[in-house]
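This is start_32.cif (mmCIF, C-alpha atoms).
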data_query
loop_
_atom_site.label_atom_id
_atom_site.label_comp_id
_atom_site.auth_asym_id
_atom_site.auth_seq_id
_atom_site.Cartn_x
_atom_site.Cartn_y
_atom_site.Cartn_z
CA MET Z 1 65.13 71.06 34.07
CA THR Z 2 64.22 71.72 37.66
CA ALA Z 3 60.53 71.74 36.75
CA ASN Z 4 60.72 68.39 34.92
CA LYS Z 5 62.48 66.55 37.72
CA PRO Z 6 59.34 65.74 39.73
CA VAL Z 7 57.71 64.34 36.58
CA ILE Z 8 60.64 62.09 35.85
CA GLN Z 9 60.64 60.81 39.38
CA LEU Z 10 56.90 60.02 39.09
CA TRP Z 11 57.41 57.96 35.93
CA LEU Z 12 60.29 56.09 37.48
CA GLY Z 13 58.04 55.11 40.40
CA VAL Z 14 55.34 53.81 38.05
CA LEU Z 15 57.88 51.68 36.13
CA ILE Z 16 59.22 50.21 39.34
CA CYS Z 17 55.67 49.21 40.39
CA PHE Z 18 54.98 47.49 37.06
CA PHE Z 19 58.28 45.62 37.29
CA ALA Z 20 57.43 44.37 40.79
CA ILE Z 21 53.97 43.23 39.68
CA GLY Z 22 55.46 41.31 36.71
CA CYS Z 23 57.94 39.50 38.93
CA GLU Z 24 55.15 38.54 41.29
CA HIS Z 25 53.11 37.07 38.41
CA ARG Z 26 56.06 35.05 37.14
CA SER Z 27 56.65 33.68 40.60
CA ALA Z 28 52.99 32.68 40.92
CA GLY Z 29 53.12 30.99 37.49
CA SER Z 30 56.14 28.93 38.46
CA ASN Z 31 54.33 27.82 41.65
CA VAL Z 32 51.28 26.74 39.62
CA SER Z 33 53.47 24.79 37.23
CA SER Z 34 55.17 23.09 40.15
CA SER Z 35 51.81 22.11 41.63
CA SER Z 36 50.63 20.77 38.27
CA ALA Z 37 53.75 18.67 37.95
CA GLU Z 38 53.23 17.17 41.37
CA SER Z 39 49.55 16.21 40.77
CA PRO Z 40 50.16 13.31 38.30
CA ALA Z 41 52.73 11.85 40.61
CA LYS Z 42 50.31 11.92 43.53
CA ALA Z 43 47.54 10.48 41.34
CA SER Z 44 49.88 7.76 40.18
CA VAL Z 45 50.62 6.80 43.76
CA GLN Z 46 46.94 6.77 44.68
CA SER Z 47 45.96 4.66 41.62
CA LYS Z 48 48.12 1.77 42.71
CA THR Z 49 46.18 -1.28 43.95
CA ASP Z 50 46.74 -3.02 47.20
CA PHE Z 51 47.81 -6.26 45.46
CA PRO Z 52 50.75 -6.97 43.14
CA PRO Z 53 50.24 -6.32 39.42
CA ASN Z 54 50.06 -9.13 36.88
CA ASP Z 55 53.42 -10.74 36.08
CA ALA Z 56 54.79 -9.57 39.45
CA VAL Z 57 57.63 -11.84 40.56
CA VAL Z 58 58.07 -12.94 44.15
CA LYS Z 59 61.04 -14.84 45.52
CA LEU Z 60 60.40 -17.13 48.50
CA ASP Z 61 62.88 -18.21 51.11
CA PRO Z 62 63.41 -21.98 51.67
CA ARG Z 63 61.29 -22.03 54.83
CA MET Z 64 58.24 -20.73 52.98
CA MET Z 65 58.89 -23.12 50.09
CA ALA Z 66 58.32 -25.97 52.54
CA ASN Z 67 54.81 -24.66 53.30
CA ILE Z 68 53.49 -24.66 49.74
CA LYS Z 69 52.85 -27.30 47.11
CA VAL Z 70 53.60 -27.08 43.40
CA GLU Z 71 51.89 -29.09 40.65
CA GLU Z 72 53.00 -29.50 37.05
CA LEU Z 73 50.13 -29.13 34.62
CA SER Z 74 49.34 -31.51 31.80
CA GLU Z 75 46.60 -31.90 29.23
CA LYS Z 76 44.00 -34.60 29.78
CA VAL Z 77 41.65 -36.07 27.23
CA THR Z 78 38.11 -35.97 28.56
CA PRO Z 79 34.72 -36.68 26.99
CA SER Z 80 32.59 -33.70 26.18
CA ILE Z 81 29.66 -33.19 28.52
CA LEU Z 82 26.15 -31.93 27.87
CA THR Z 83 24.28 -30.76 30.98
CA ALA Z 84 20.50 -30.82 31.44
CA THR Z 85 18.07 -30.41 34.32
CA GLY Z 86 15.16 -32.68 35.09
CA LYS Z 87 13.14 -34.47 37.73
CA LEU Z 88 13.14 -37.96 39.19
CA ASN Z 89 10.09 -40.15 38.57
CA PHE Z 90 9.05 -43.72 39.28
CA ASN Z 91 10.21 -46.29 36.76
CA GLU Z 92 6.81 -47.09 35.29
CA ASP Z 93 8.17 -50.32 33.81
CA ARG Z 94 8.68 -51.47 37.40
CA MET Z 95 5.38 -50.38 38.92
CA ALA Z 96 2.23 -52.35 39.71
CA ARG Z 97 -1.20 -50.82 40.29
CA ILE Z 98 -3.17 -53.35 42.28
CA LEU Z 99 -6.86 -53.55 41.39
CA ALA Z 100 -9.71 -55.57 42.89
CA PRO Z 101 -10.48 -58.38 40.39
CA VAL Z 102 -14.03 -58.70 41.80
CA ALA Z 103 -16.24 -56.81 44.21
CA GLY Z 104 -15.89 -57.85 47.82
CA GLN Z 105 -14.61 -57.09 51.31
CA ILE Z 106 -10.92 -56.45 52.06
CA VAL Z 107 -9.55 -58.61 54.87
CA ASN Z 108 -6.10 -59.44 56.29
CA LEU Z 109 -4.65 -56.10 55.18
CA LYS Z 110 -1.44 -55.63 57.15
CA LEU Z 111 0.85 -53.69 54.81
CA LYS Z 112 1.49 -49.98 55.21
CA VAL Z 113 3.04 -47.38 52.93
CA GLY Z 114 6.79 -47.86 52.90
CA ASP Z 115 6.74 -51.61 53.59
CA SER Z 116 8.88 -53.80 51.33
CA ILE Z 117 7.33 -56.78 49.59
CA ASN Z 118 8.47 -59.64 47.37
CA ALA Z 119 6.93 -60.88 44.14
CA GLY Z 120 4.17 -63.40 44.86
CA GLN Z 121 3.66 -62.23 48.44
CA SER Z 122 0.06 -61.70 49.57
CA LEU Z 123 -1.00 -58.06 49.88
CA PHE Z 124 -4.51 -58.64 51.22
CA TYR Z 125 -7.52 -60.92 50.75
CA VAL Z 126 -10.87 -60.27 49.12
CA ASN Z 127 -13.90 -62.04 50.55
CA SER Z 128 -16.20 -62.24 47.52
CA ARG Z 129 -19.50 -63.84 46.56
CA GLU Z 130 -18.21 -64.22 43.01
CA ALA Z 131 -15.29 -66.22 44.33
CA ALA Z 132 -17.65 -68.41 46.33
CA ALA Z 133 -19.80 -68.96 43.21
CA ALA Z 134 -16.70 -69.83 41.17
CA ILE Z 135 -15.63 -72.39 43.78
CA SER Z 136 -19.10 -73.94 43.85
CA GLU Z 137 -19.18 -74.16 40.05
CA TYR Z 138 -15.77 -75.77 40.00
CA LEU Z 139 -16.79 -78.44 42.53
CA GLU Z 140 -19.95 -79.23 40.54
CA ASN Z 141 -17.99 -79.49 37.30
CA ARG Z 142 -15.48 -81.79 38.96
CA LYS Z 143 -18.27 -84.14 40.04
CA ASP Z 144 -19.81 -84.05 36.55
CA LEU Z 145 -16.39 -84.87 35.09
CA GLU Z 146 -15.92 -87.85 37.42
CA LEU Z 147 -19.37 -89.18 36.48
CA ALA Z 148 -18.72 -88.65 32.75
CA GLU Z 149 -15.40 -90.53 33.03
CA LYS Z 150 -17.08 -93.50 34.74
CA THR Z 151 -19.94 -93.52 32.24
CA TYR Z 152 -17.54 -93.45 29.30
CA SER Z 153 -15.39 -96.22 30.76
CA MET Z 154 -18.42 -98.45 31.37
CA THR Z 155 -19.99 -97.75 27.95
CA LYS Z 156 -16.72 -98.50 26.21
CA ASP Z 157 -16.41 -101.81 28.02
CA LEU Z 158 -19.98 -102.76 27.04
CA TYR Z 159 -19.35 -101.73 23.43
CA GLU Z 160 -16.26 -103.91 23.27
CA HIS Z 161 -18.36 -106.85 24.49
CA GLU Z 162 -21.09 -105.96 21.99
CA ALA Z 163 -23.49 -105.05 24.84
CA ALA Z 164 -23.82 -101.37 23.87
CA SER Z 165 -24.32 -99.60 20.57
CA ARG Z 166 -21.81 -97.36 18.87
CA ILE Z 167 -24.17 -94.42 19.31
CA SER Z 168 -24.11 -94.91 23.11
CA LEU Z 169 -20.32 -94.90 23.05
CA GLN Z 170 -20.23 -91.71 21.00
CA GLN Z 171 -22.70 -90.05 23.38
CA ALA Z 172 -20.54 -91.01 26.35
CA GLU Z 173 -17.46 -89.56 24.59
CA ASN Z 174 -19.33 -86.32 23.87
CA ASP Z 175 -20.52 -85.99 27.50
CA LEU Z 176 -16.95 -86.59 28.72
CA ALA Z 177 -15.53 -83.88 26.40
CA LYS Z 178 -18.11 -81.34 27.59
CA ALA Z 179 -17.41 -82.14 31.24
CA LYS Z 180 -13.66 -81.66 30.68
CA ALA Z 181 -14.26 -78.30 28.99
CA ARG Z 182 -16.49 -77.03 31.81
CA THR Z 183 -13.98 -78.16 34.42
CA ALA Z 184 -11.08 -76.49 32.59
CA ARG Z 185 -13.06 -73.26 32.35
CA SER Z 186 -13.87 -73.23 36.05
CA GLU Z 187 -10.22 -73.99 36.89
CA TYR Z 188 -9.16 -70.96 34.85
CA VAL Z 189 -11.60 -68.75 36.78
CA LEU Z 190 -10.10 -69.96 40.05
CA LYS Z 191 -6.60 -69.13 38.80
CA VAL Z 192 -7.75 -65.61 37.97
CA PHE Z 193 -8.89 -65.32 41.60
CA ASN Z 194 -5.55 -66.80 42.79
CA LEU Z 195 -7.45 -69.70 44.34
CA SER Z 196 -6.06 -73.19 44.61
CA VAL Z 197 -7.86 -76.04 42.82
CA ASP Z 198 -7.34 -78.25 45.87
CA ALA Z 199 -10.89 -78.83 47.13
CA THR Z 200 -9.73 -79.30 50.71
CA SER Z 201 -8.24 -75.76 50.99
CA MET Z 202 -10.59 -73.69 48.82
CA ASP Z 203 -12.20 -70.69 50.45
CA SER Z 204 -14.19 -67.73 49.15
CA LYS Z 205 -11.49 -65.50 50.68
CA PHE Z 206 -8.86 -65.29 47.94
CA PRO Z 207 -5.46 -63.52 48.06
CA VAL Z 208 -4.28 -60.58 45.96
CA ARG Z 209 -0.52 -60.94 45.41
CA SER Z 210 2.26 -58.59 44.35
CA PRO Z 211 3.55 -59.24 40.82
CA ILE Z 212 6.93 -57.55 41.50
CA ASN Z 213 9.48 -56.87 44.20
CA GLY Z 214 9.24 -53.37 45.61
CA LYS Z 215 7.71 -51.10 48.20
CA VAL Z 216 4.19 -49.96 48.93
CA VAL Z 217 4.23 -46.33 47.78
CA GLU Z 218 0.48 -45.71 47.91
CA ARG Z 219 -2.48 -47.36 49.64
CA SER Z 220 -6.09 -46.23 49.29
CA VAL Z 221 -7.90 -49.09 51.03
CA THR Z 222 -8.51 -50.05 54.66
CA GLU Z 223 -9.27 -53.29 56.50
CA GLY Z 224 -12.89 -54.38 56.11
CA GLN Z 225 -13.63 -51.97 53.27
CA PHE Z 226 -15.96 -53.11 50.48
CA VAL Z 227 -14.49 -52.47 47.03
CA GLN Z 228 -15.70 -52.68 43.46
CA ALA Z 229 -14.01 -54.24 40.46
CA ASP Z 230 -13.06 -50.98 38.70
CA SER Z 231 -9.94 -49.19 37.46
CA ASN Z 232 -9.14 -47.42 40.75
CA PRO Z 233 -5.95 -48.92 42.22
CA LEU Z 234 -6.19 -50.10 45.82
CA MET Z 235 -2.43 -50.13 46.22
CA ILE Z 236 0.64 -49.16 44.19
CA ILE Z 237 3.85 -51.15 44.37
CA ALA Z 238 7.07 -49.67 42.94
CA ASP Z 239 10.54 -51.10 42.54
CA LEU Z 240 12.87 -48.27 43.63
CA ALA Z 241 16.10 -50.05 42.66
CA ASN Z 242 16.17 -47.76 39.63
CA LEU Z 243 14.22 -44.64 38.74
CA TRP Z 244 13.54 -42.48 35.73
CA VAL Z 245 14.97 -39.00 35.23
CA VAL Z 246 13.04 -36.95 32.70
CA ALA Z 247 15.09 -33.97 31.46
CA ASP Z 248 14.76 -31.29 28.78
CA ILE Z 249 17.27 -31.12 25.93
CA TYR Z 250 17.32 -28.22 23.46
CA GLU Z 251 16.64 -29.27 19.89
CA ASN Z 252 20.02 -27.87 18.81
CA ASP Z 253 21.73 -30.52 20.97
CA LEU Z 254 19.75 -33.52 19.69
CA ARG Z 255 22.51 -34.43 17.26
CA LEU Z 256 24.84 -35.05 20.22
CA ILE Z 257 22.75 -37.66 22.03
CA SER Z 258 21.53 -41.19 21.35
CA GLN Z 259 20.02 -44.08 23.27
CA GLY Z 260 22.42 -45.98 25.47
CA GLN Z 261 24.70 -43.03 26.26
CA ARG Z 262 26.23 -42.93 29.73
CA ALA Z 263 25.27 -40.13 32.10
CA GLU Z 264 25.69 -39.01 35.71
CA VAL Z 265 22.94 -37.66 37.94
CA THR Z 266 23.37 -35.29 40.89
CA THR Z 267 20.73 -33.87 43.21
CA ALA Z 268 20.47 -31.01 45.67
CA ALA Z 269 20.07 -33.54 48.49
CA TYR Z 270 23.41 -35.24 47.68
CA PRO Z 271 25.50 -32.63 45.80
CA ASN Z 272 28.76 -34.55 46.22
CA GLU Z 273 27.41 -37.91 45.05
CA ARG Z 274 27.09 -39.04 41.44
CA PHE Z 275 24.62 -41.70 40.37
CA THR Z 276 25.18 -43.65 37.17
CA ALA Z 277 22.47 -43.44 34.53
CA GLU Z 278 21.76 -44.42 30.95
CA LEU Z 279 19.78 -42.61 28.28
CA SER Z 280 16.82 -44.88 27.53
CA ARG Z 281 14.42 -42.83 25.41
CA ILE Z 282 14.24 -39.62 23.36
CA SER Z 283 10.81 -38.13 22.82
CA ASP Z 284 9.46 -37.82 19.30
CA VAL Z 285 7.89 -34.40 19.95
CA VAL Z 286 9.49 -30.94 20.34
CA ASP Z 287 7.82 -28.55 22.77
CA PRO Z 288 6.79 -25.58 20.59
CA THR Z 289 7.16 -23.11 23.47
CA THR Z 290 10.54 -24.04 24.96
CA ARG Z 291 12.00 -25.74 21.84
CA THR Z 292 13.10 -28.65 24.00
CA VAL Z 293 12.67 -32.42 23.82
CA LYS Z 294 11.93 -34.72 26.75
CA VAL Z 295 14.72 -37.23 27.32
CA ARG Z 296 14.44 -40.13 29.75
CA PHE Z 297 17.27 -41.72 31.72
CA VAL Z 298 17.30 -44.82 33.91
CA VAL Z 299 19.34 -44.11 37.05
CA SER Z 300 20.57 -46.76 39.45
CA ASN Z 301 19.28 -46.35 43.01
CA PRO Z 302 20.49 -49.43 44.93
CA ALA Z 303 20.42 -47.80 48.39
CA GLY Z 304 17.07 -46.12 47.80
CA ARG Z 305 18.45 -42.65 48.55
CA LEU Z 306 16.99 -41.04 45.46
CA LYS Z 307 13.33 -40.13 45.77
CA PRO Z 308 10.73 -39.49 43.07
CA GLU Z 309 9.97 -35.79 42.48
CA MET Z 310 13.53 -34.72 43.38
CA PHE Z 311 15.08 -32.19 41.03
CA ALA Z 312 18.19 -33.50 39.31
CA SER Z 313 21.06 -32.34 37.15
CA VAL Z 314 22.16 -34.72 34.40
CA LYS Z 315 25.58 -34.76 32.74
CA ILE Z 316 25.53 -36.64 29.44
CA PHE Z 317 28.87 -37.93 28.18
CA ILE Z 318 28.78 -37.42 24.43
CA ASN Z 319 31.07 -39.15 21.95
CA GLU Z 320 33.20 -36.08 21.25
CA GLN Z 321 36.41 -35.67 23.26
CA ALA Z 322 38.53 -32.64 24.15
CA SER Z 323 41.97 -31.99 25.66
CA ILE Z 324 41.77 -29.79 28.74
CA ILE Z 325 44.04 -28.46 31.49
CA THR Z 326 42.76 -28.35 35.05
CA VAL Z 327 44.21 -26.88 38.22
CA PRO Z 328 43.25 -27.50 41.86
CA ALA Z 329 40.53 -25.16 43.08
CA ASN Z 330 42.90 -23.88 45.81
CA ALA Z 331 45.40 -22.75 43.18
CA VAL Z 332 43.06 -20.03 41.91
CA PHE Z 333 42.31 -16.85 43.84
CA THR Z 334 40.30 -13.80 42.86
CA GLU Z 335 41.15 -10.12 43.30
CA GLY Z 336 39.66 -7.11 41.58
CA GLY Z 337 37.21 -9.32 39.68
CA LYS Z 338 40.02 -11.34 38.04
CA ASN Z 339 41.37 -14.84 38.62
CA TYR Z 340 45.04 -15.42 39.31
CA VAL Z 341 47.53 -18.24 39.87
CA TYR Z 342 51.22 -18.23 40.76
CA VAL Z 343 53.42 -19.91 38.16
CA GLN Z 344 56.85 -21.17 39.15
CA THR Z 345 59.47 -19.48 36.97
CA GLY Z 346 62.57 -20.39 38.99
CA THR Z 347 63.68 -22.58 41.86
CA THR Z 348 62.20 -20.18 44.40
CA GLU Z 349 60.63 -17.60 42.08
CA PHE Z 350 56.93 -17.36 41.22
CA THR Z 351 55.10 -15.08 38.80
CA ARG Z 352 51.56 -13.90 39.29
CA ARG Z 353 49.48 -14.79 36.20
CA THR Z 354 45.94 -13.86 35.12
CA VAL Z 355 43.86 -16.89 34.07
CA GLU Z 356 40.36 -17.66 32.89
CA VAL Z 357 38.78 -20.72 34.47
CA LEU Z 358 35.51 -22.67 34.55
CA PRO Z 359 34.22 -25.24 37.06
CA ASP Z 360 34.99 -28.83 36.11
CA PRO Z 361 32.92 -31.91 37.10
CA SER Z 362 36.03 -33.36 38.75
CA GLY Z 363 35.95 -30.61 41.40
CA ARG Z 364 39.00 -28.84 39.92
CA MET Z 365 38.99 -25.71 37.75
CA ARG Z 366 39.24 -25.98 33.97
CA VAL Z 367 41.71 -23.47 32.51
CA THR Z 368 40.62 -21.79 29.27
CA SER Z 369 43.50 -19.29 28.97
CA GLY Z 370 46.52 -17.93 30.85
CA ILE Z 371 48.69 -21.01 31.40
CA LYS Z 372 49.71 -24.01 29.34
CA SER Z 373 50.72 -27.62 29.74
CA GLY Z 374 54.11 -28.19 31.35
CA GLU Z 375 54.04 -25.12 33.57
CA LYS Z 376 54.05 -25.47 37.34
CA VAL Z 377 51.61 -23.65 39.60
CA VAL Z 378 51.22 -23.28 43.35
CA SER Z 379 48.49 -25.83 44.06
CA GLU Z 380 48.12 -25.16 47.80
CA ARG Z 381 48.50 -21.95 49.86
CA ALA Z 382 48.57 -19.67 46.84
CA MET Z 383 47.21 -16.87 49.02
CA LEU Z 384 50.25 -17.22 51.27
CA VAL Z 385 52.48 -16.50 48.26
CA ASN Z 386 50.27 -13.55 47.31
CA GLN Z 387 50.53 -12.16 50.85
CA GLU Z 388 54.32 -12.46 50.74
CA ALA Z 389 54.38 -10.61 47.41
CA SER Z 390 52.29 -7.78 48.85
CA GLN Z 391 54.56 -7.42 51.92
CA LYS Z 392 57.75 -7.31 49.83
CA LYS Z 393 56.15 -4.72 47.54
CA GLU Z 394 55.57 -2.45 50.54
#
Before we go any further, please render this structure as structure tokens.
Amino acid sequence: MTANKPVIQLWLGVLICFFAIGCEHRSAGSNVSSSSAESPAKASVQSKTDFPPNDAVVKLDPRMMANIKVEELSEKVTPSILTATGKLNFNEDRMARILAPVAGQIVNLKLKVGDSINAGQSLFYVNSREAAAAISEYLENRKDLELAEKTYSMTKDLYEHEAASRISLQQAENDLAKAKARTARSEYVLKVFNLSVDATSMDSKFPVRSPINGKVVERSVTEGQFVQADSNPLMIIADLANLWVVADIYENDLRLISQGQRAEVTTAAYPNERFTAELSRISDVVDPTTRTVKVRFVVSNPAGRLKPEMFASVKIFINEQASIITVPANAVFTEGGKNYVYVQTGTTEFTRRTVEVLPDPSGRMRVTSGIKSGEKVVSERAMLVNQEASQKKE
């Protein structure tokens, strides 16, 4: 027994050590579990955003209520709109390309590009040998006509008194008819040259006049220049009171448009102005590359602010109609890539609501989902309400 005592004491020491180690491991395990339990809580706190969640309710005091505006929403029936892009061009139905009717020298040219002109007003004069020859021929034919009239009158009188034969009378009638025809032909030539048939004012220098009201948009001739009677225009006059807009419409949308439809035109130069237009022509050919059709509009330009070659956006009002809800642009604010509004749910209570919106031609925002007709939203200072909600959340 005395010999075994040291052995027993040794085994007791080993058991005590194992017991201590086991307790230490259990303690460490409980600490790990505690740490694991705390981690989700900390993560949850860190995952919170800096702005109120959707459907968060904020209650405003009466003083803040006086600083905001609320608008009740309602559905509005509006025509459907088809949008296209295009470019402004001259109205070719109201353009005049001025040519030289005969070869000659340009004189009395005083108009410059940009000058306004009325229909019938003289643009310049052409001093021409052909005009001089036409005047000379007219004067000769007039004298021949006067002589033929006198001869016929005298021959007729003699025939009535049986002093001239019937053949002489017929010859006089024939000569008179020929003289009238030659005179009429020479008068027509003078009218082509815009020359008067008044012999006292005729001059080889004849005027070239504008056939329309408009402005000089191009001039390729100078004072004293000799020109030929060809197809090259010396001057271009354009009426800018209305212009053409040529736009591209996809073939899938052709069923929605027709001649005479109303449209609005906007440009980059005047983004806040809308110019009235009308669809005047639809091309008969589809572009095989873009699958689009050229469509032409006539746009009113009374003040002359629109310029040819400007890029334009065209909104075509088609016959279909739709009911829409719009909100003021200030009612919508964006956070975290989403759009929100505050909807009034009580006298002083407002709920944050996620919405989907699109720009509307009226300048407001068209609501596609999130709110409905009859609800009231904060139309001004919505961000002030959002700031108050964030402060109360803290």
Next item on the list: Name every residue that the PyMOL selection byres ((chain Z and resi 260) around 7) selects in this structure, writing the answer as a list in words with chains first and numbers rising.
Entry: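 Given this file, the PyMOL selection byres ((chain Z and resi 260) around 7) evaluates to Ser258, Gln259, Gln261, Arg262, Glu278, Leu279 and Ser280 of chain Z.
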Suppose a student applies the PyMOL selection byres ((chain Z and resi 230-236) around 10) to this structure; what residues should they get, written as an mmCIF file with C-alpha atoms, in the coordinates of the input?
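Contents of selection_2.cif, as written:
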data_model
loop_
_atom_site.group_PDB
_atom_site.id
_atom_site.type_symbol
_atom_site.label_atom_id
_atom_site.label_comp_id
_atom_site.auth_asym_id
_atom_site.auth_seq_id
_atom_site.Cartn_x
_atom_site.Cartn_y
_atom_site.Cartn_z
ATOM 1 C CA MET Z 95 5.380 -50.380 38.920
ATOM 2 C CA ALA Z 96 2.230 -52.350 39.710
ATOM 3 C CA ARG Z 97 -1.200 -50.820 40.290
ATOM 4 C CA ILE Z 98 -3.170 -53.350 42.280
ATOM 5 C CA LEU Z 99 -6.860 -53.550 41.390
ATOM 6 C CA ALA Z 100 -9.710 -55.570 42.890
ATOM 7 C CA PRO Z 101 -10.480 -58.380 40.390
ATOM 8 C CA VAL Z 102 -14.030 -58.700 41.800
ATOM 9 C CA ALA Z 103 -16.240 -56.810 44.210
ATOM 10 C CA LEU Z 111 0.850 -53.690 54.810
ATOM 11 C CA LYS Z 112 1.490 -49.980 55.210
ATOM 12 C CA VAL Z 113 3.040 -47.380 52.930
ATOM 13 C CA LEU Z 123 -1.000 -58.060 49.880
ATOM 14 C CA SER Z 210 2.260 -58.590 44.350
ATOM 15 C CA GLY Z 214 9.240 -53.370 45.610
ATOM 16 C CA LYS Z 215 7.710 -51.100 48.200
ATOM 17 C CA VAL Z 216 4.190 -49.960 48.930
ATOM 18 C CA VAL Z 217 4.230 -46.330 47.780
ATOM 19 C CA GLU Z 218 0.480 -45.710 47.910
ATOM 20 C CA ARG Z 219 -2.480 -47.360 49.640
ATOM 21 C CA SER Z 220 -6.090 -46.230 49.290
ATOM 22 C CA VAL Z 221 -7.900 -49.090 51.030
ATOM 23 C CA THR Z 222 -8.510 -50.050 54.660
ATOM 24 C CA VAL Z 227 -14.490 -52.470 47.030
ATOM 25 C CA GLN Z 228 -15.700 -52.680 43.460
ATOM 26 C CA ALA Z 229 -14.010 -54.240 40.460
ATOM 27 C CA ILE Z 237 3.850 -51.150 44.370
ATOM 28 C CA ALA Z 238 7.070 -49.670 42.940
#
Notebook entry, point to check: How many Å lie between atom CA of Val314 of chain Z and atom CA of Leu240 of chain Z, rounded to one decimal?
Noted result: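 So the two atoms, atom CA of Val314 of chain Z and atom CA of Leu240 of chain Z, lie 18.8 Å apart.
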Next item on the list: Have a look at Z:Glu273, Z:Asp287, Z:Glu309, Z:Asp203 and name the one nearest to Ala133 of chain Z; count all atoms listed in the file.
Entry: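 Distance minimum relative to Ala133 of chain Z lands on Z:Asp203.
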Next item on the list: Would you mind listing what lies within 8 Å of segment 187-190 of chain Z as a list of chain:residue names, with only C-alpha atoms counted and same-chain residues fewer than 6 positions away left out?
Entry: Z:Ala131, Z:Ala134, Z:Ile135, Z:Tyr138, Z:Ser196, Z:Val197
Margin query: Please determine, counting only C-alpha atoms, which residue among Z:Thr354, Z:Ala66, Z:Tyr159, Z:Val293 has the shortest atom-to-atom distance to Arg255 of chain Z.
Written below: Z:Val293
Item checked: Test item: residues at most 12 Å from Ile325 of chain Z, all atoms listed in the file, excluding those fewer than 4 positions along its chain, as a PyMOL selection string -> chain Z and resi 72-78+355-360+362+364-376
Show me, as a compact mmCIF listing (two decimals) with C-alpha atoms, keeping the file's coordinate frame, the residues that have an atom within 7 Å of Ala331 of chain Z when counting all atoms listed in the file, minus same-chain residues fewer than 3 positions from it.
# COMPACT_ATOMS: atom_id res chain seq x y z
CA VAL Z 327 44.21 -26.88 38.22
CA PRO Z 328 43.25 -27.50 41.86
CA VAL Z 341 47.53 -18.24 39.87
CA VAL Z 378 51.22 -23.28 43.35
CA SER Z 379 48.49 -25.83 44.06
CA GLU Z 380 48.12 -25.16 47.80
CA ALA Z 382 48.57 -19.67 46.84
Next item on the list: Enumerate, as a ChimeraX atom specification, the protein, DNA and RNA residues whose atoms approach (11.2, -23.8, 25.9) to within 8 Å, taking into account all atoms listed in the file and the coordinate frame of the file.
Entry: /Z:250,287-292
Could the residues in this selection be saved with C-alpha atoms as a PDB file, in the frame of the given file?
ATOM      1  CA  TYR Z 250      17.320 -28.220  23.460  1.00  0.00           C
ATOM      2  CA  ASP Z 287       7.820 -28.550  22.770  1.00  0.00           C
ATOM      3  CA  PRO Z 288       6.790 -25.580  20.590  1.00  0.00           C
ATOM      4  CA  THR Z 289       7.160 -23.110  23.470  1.00  0.00           C
ATOM      5  CA  THR Z 290      10.540 -24.040  24.960  1.00  0.00           C
ATOM      6  CA  ARG Z 291      12.000 -25.740  21.840  1.00  0.00           C
ATOM      7  CA  THR Z 292      13.100 -28.650  24.000  1.00  0.00           C
TER       8      THR Z 292
END
Next item on the list: Report as a VMD selection string the residues that result from applying the PyMOL selection byres ((chain Z and resi 249) around 7) to the structure here.
Entry: chain Z and resid 84 247 to 248 250 to 251 253 292 to 295
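In this structure, atom CA of Gly304 of chain Z sits 28.5 Å away from atom CA of Pro207 of chain Z.
One distance worth recording is that between atom CA of Gln121 of chain Z and atom CA of Ala241 of chain Z, which is 18.3 Å.
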Next item on the list: Using all atoms listed in the file, pick whichever of Z:Gly346, Z:Val286, Z:Gly114, Z:Ser80 has the shortest atom-to-atom distance to Asn252 of chain Z.
Entry: Z:Val286
